[in-house]
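Engineer: Take this structure first; my questions come after.
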Amino acid sequence: MGTQKRTWLSHSLFSAGCLCKWTLLGLAMGGLVGLVGTAFSWAVETVTALRQSQGWLLYLLPLAGLLIVGLYHLLGIREDKGTNLVLLAVRENGRMDLRNMICIFIASVMTHLCGGSSGREGAALQIGGSMGATFAKALKLDEADSRILVMSGMSACFAALFGTPVSAAFFAMEVISIGVLHYSALLPCMTAAIAGTGVARLFGMGPMQLQVLVPAAGWLSFGKTAAVALACGLLSFVFCSAIRWAAKGYQRFLKNPYLRAAVGGGLVVLCSLLLGTRQYNGAGTETILAAFSQQQAWYVFLLKLLLTALTLGAGFKGGEIVPVFFVGSTCGSALSGLFGLDPSFAAAVGMISLFCGVTNCPLTTLFLSVELFGGEGAAFYGAAVAVAYISSGYAGLYSEQKILYSKFKPQFIDKKVG
């Protein structure tokens, strides 16, 4: 009995120590990374407003590409792995430091300033991950704890930018290795995400306000939801392939990274002029909001996909997730008339289905849908996530992401996304 009491006491003390340790580290990471994430969000919004008022900035995109490549080379980063580097930092303790944060911060702001079709999530993950890795090194944490601190940084910055703390925490834990959720990081990631969101809201930053008209529950409504989710789940193949093929095409025909950036920027400028609209430049938040209020034309999501592939494939920075929101919401909105759904509901289903398909993160997607759209349609969103997760197969945005367990049977497969 005495041995059992000592064992219980030692376990209790150990648990209490871990609770205090990771709560404090999570709060510290959330506060610090939240400040940087808020500054980044403010910078992107500021340069976006400037670009919209000064249309001539678009013509500087090729020059911005040259400066971005030069910045990375100046700081000694010859081969940038982007968000994949964050995945490697967690799974294999890959090296990240403040140089990555500085580069992605400046490069993403420059991309948005000059009209590259890009998002913010890739930058958020890299900013948070690099800050987590830097502080882990400064605190002399062991390898396992360093990985947790990297995930905490990812959660904090993602939450600061998108205002969705629960999905931010689960995204950091879920995106690394599909089929395995890193529950050991739950407390610090959740704490950091809540703190990061709190800091952002202190400065007036919050999530997109999206109103969704949810249909009455019924087999027909669930069937229509599944149809939209299936279409966007299959679209995830196209989205991921377009991003990958564009990058490979640039590298095959333009060996010099400076030339790739200049030509890629020129192609984006040319496409923008031919289209006669700037709605596909930058993040495209206005179009995302419009997709929830009125049905979109069938070609809108395809044009955004084209410009995003041309932008990111050439080496411009930012991320893919906001373009995923754009493509998914406008695709769903375009399908609303075909299936007799309200555009807001079809756009919501399209957005989360494509997000799930390209990230392979069903739990994150379900939490995200509730945080963005409310819990009224949770059953529909859950059905959409299930359909999209299966129909997307092994497609994925991040080449270093691993699928540890099969999507189709309880079987260990340990393969990278295709």
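All residue names refer to the structure tokens as shown: chains lettered A, B, ... in order, residues numbered from 1 in each chain, ligands numbered from 1 in order.
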At a cut-off of 12 Å, using only C-alpha atoms, what residues contact segment 236-241 of chain A? Leave out same-chain residues fewer than 4 positions from it and give the result as JSON, numbers by chain.
Structural biologist: {"A": [229, 230, 231, 232, 245, 246, 247, 248, 249, 301, 302, 303, 304, 305, 306, 307, 308, 309, 312, 313, 320, 321, 323, 324, 325, 326, 327, 328, 331, 350, 351, 352, 353, 354, 355, 356, 357, 358, 359, 360, 388, 389, 390, 391, 392, 393, 394, 395, 396, 397, 398, 399, 417, 418]}
Engineer: Output C-alpha atoms for every residue in the selection just made, as a short mmCIF file (atom, residue, chain, number, x, y, z; two decimals), in the first residue's frame.
Structural biologist:
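Result file is out32.cif:
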data_model
loop_
_atom_site.label_atom_id
_atom_site.label_comp_id
_atom_site.auth_asym_id
_atom_site.auth_seq_id
_atom_site.Cartn_x
_atom_site.Cartn_y
_atom_site.Cartn_z
CA ALA A 229 -18.51 17.94 -50.60
CA LEU A 230 -17.71 15.22 -53.14
CA ALA A 231 -17.16 17.79 -55.90
CA CYS A 232 -14.80 19.82 -53.70
CA TRP A 245 2.91 21.23 -61.48
CA ALA A 246 3.37 24.99 -61.62
CA ALA A 247 6.41 24.78 -59.33
CA LYS A 248 7.91 21.92 -61.33
CA GLY A 249 7.23 23.71 -64.62
CA PHE A 301 -12.75 29.40 -58.71
CA LEU A 302 -10.75 28.18 -61.72
CA LEU A 303 -9.24 31.60 -62.37
CA LYS A 304 -8.23 31.98 -58.73
CA LEU A 305 -6.62 28.56 -58.84
CA LEU A 306 -4.68 29.54 -61.97
CA LEU A 307 -3.30 32.77 -60.51
CA THR A 308 -2.46 31.09 -57.20
CA ALA A 309 -0.46 28.37 -58.97
CA LEU A 312 3.30 30.37 -55.50
CA GLY A 313 4.99 28.20 -58.10
CA GLU A 320 -2.37 28.39 -49.82
CA ILE A 321 -5.18 28.23 -47.28
CA PRO A 323 -6.83 30.73 -51.72
CA VAL A 324 -8.32 27.36 -50.71
CA PHE A 325 -11.10 29.25 -48.90
CA PHE A 326 -11.61 31.35 -52.04
CA VAL A 327 -11.68 28.40 -54.43
CA GLY A 328 -13.80 26.20 -52.16
CA CYS A 331 -17.01 26.52 -56.21
CA GLY A 350 -17.40 24.02 -50.39
CA MET A 351 -14.92 25.95 -48.27
CA ILE A 352 -14.55 23.34 -45.53
CA SER A 353 -14.61 20.41 -47.96
CA LEU A 354 -11.73 21.74 -50.03
CA PHE A 355 -9.82 22.68 -46.86
CA CYS A 356 -10.24 19.14 -45.55
CA GLY A 357 -9.25 17.64 -48.89
CA VAL A 358 -5.98 19.57 -49.27
CA THR A 359 -4.88 19.42 -45.61
CA ASN A 360 -6.15 15.92 -44.68
CA ALA A 388 -14.30 15.19 -48.52
CA TYR A 389 -11.72 13.30 -46.43
CA ILE A 390 -12.41 10.04 -48.24
CA SER A 391 -12.89 11.45 -51.74
CA SER A 392 -9.65 13.46 -51.68
CA GLY A 393 -7.59 10.26 -51.45
CA TYR A 394 -3.95 10.93 -50.68
CA ALA A 395 -3.74 14.39 -52.22
CA GLY A 396 -2.16 17.08 -50.08
CA LEU A 397 -0.64 20.54 -50.16
CA TYR A 398 2.43 19.68 -48.13
CA SER A 399 4.82 17.17 -49.68
CA VAL A 417 0.95 12.64 -49.72
CA GLY A 418 0.80 12.37 -53.49
#
Engineer: Would you mind writing down, as a PyMOL selection string, each residue of segment 122-356 of chain A that DSSP on the backbone assigns to alpha helix (DSSP H)?
Structural biologist: chain A and resi 122-138+143-162+165-174+186-202+219-253+257-275+285-291+300-313+321-339+343-356
Engineer: Taking only C-alpha atoms into account, name the residue in A:Pro188, A:Gly264, A:Gly116, A:Gly377 that is nearest to Gly26 of chain A.
Structural biologist: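 Ranking A:Pro188, A:Gly264, A:Gly116, A:Gly377 by distance to Gly26 of chain A, first place goes to A:Pro188.
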Engineer: At what distance in Å, to one decimal, does atom CA of Gly76 of chain A lie from atom CA of Val269 of chain A?
Structural biologist: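 Value for the atom CA of Val269 of chain A-atom CA of Gly76 of chain A distance: 29.0 Å.
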Engineer: Write out as number ranges by chain each polymer residue whose atoms come within 12 Å of Val268 of chain A, counting only C-alpha atoms; drop sequence neighbours fewer than 5 positions from it.
Structural biologist: A: 58-62, 65, 111, 114-118, 261-263, 273-275, 277-278, 280-282, 303-314, 316
Engineer: Can you pull out every residue within 6 Å of Gly319 of chain A, counting only C-alpha atoms, but drop anything in the same chain fewer than 4 positions away, and send it as a PyMOL selection string?
Structural biologist: chain A and resi 118-122
Engineer: So which residues touch Lys137 of chain A within 10 Å, counting only C-alpha atoms, skipping near sequence neighbours fewer than 6 positions away, as number ranges by chain?
Structural biologist: A: 97, 131, 143, 146
Engineer: Of the candidates A:Leu88, A:Val36, A:Val349, A:Ala226, which shows the shortest atom-to-atom distance to Phe158 of chain A, using only C-alpha atoms?
Structural biologist: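 Checking each candidate against Phe158 of chain A, we get A:Val36 as the closest.
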Engineer: Got a sec: who's within 12 Å of Ala347 of chain A, counting only C-alpha atoms, leaving out chain neighbours fewer than 4 positions off, as a PyMOL selection string?
Structural biologist: chain A and resi 210-214+225+228-229+232+287-296+301+324-337+341-343+351-354+369+373+381+384
Engineer: Return the single residue from A:Ala160, A:Asn100, A:Gly315, A:Asn256 that is closest to Ile243 of chain A, with distances computed using only C-alpha atoms.
Structural biologist: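 Closest candidate: A:Gly315.
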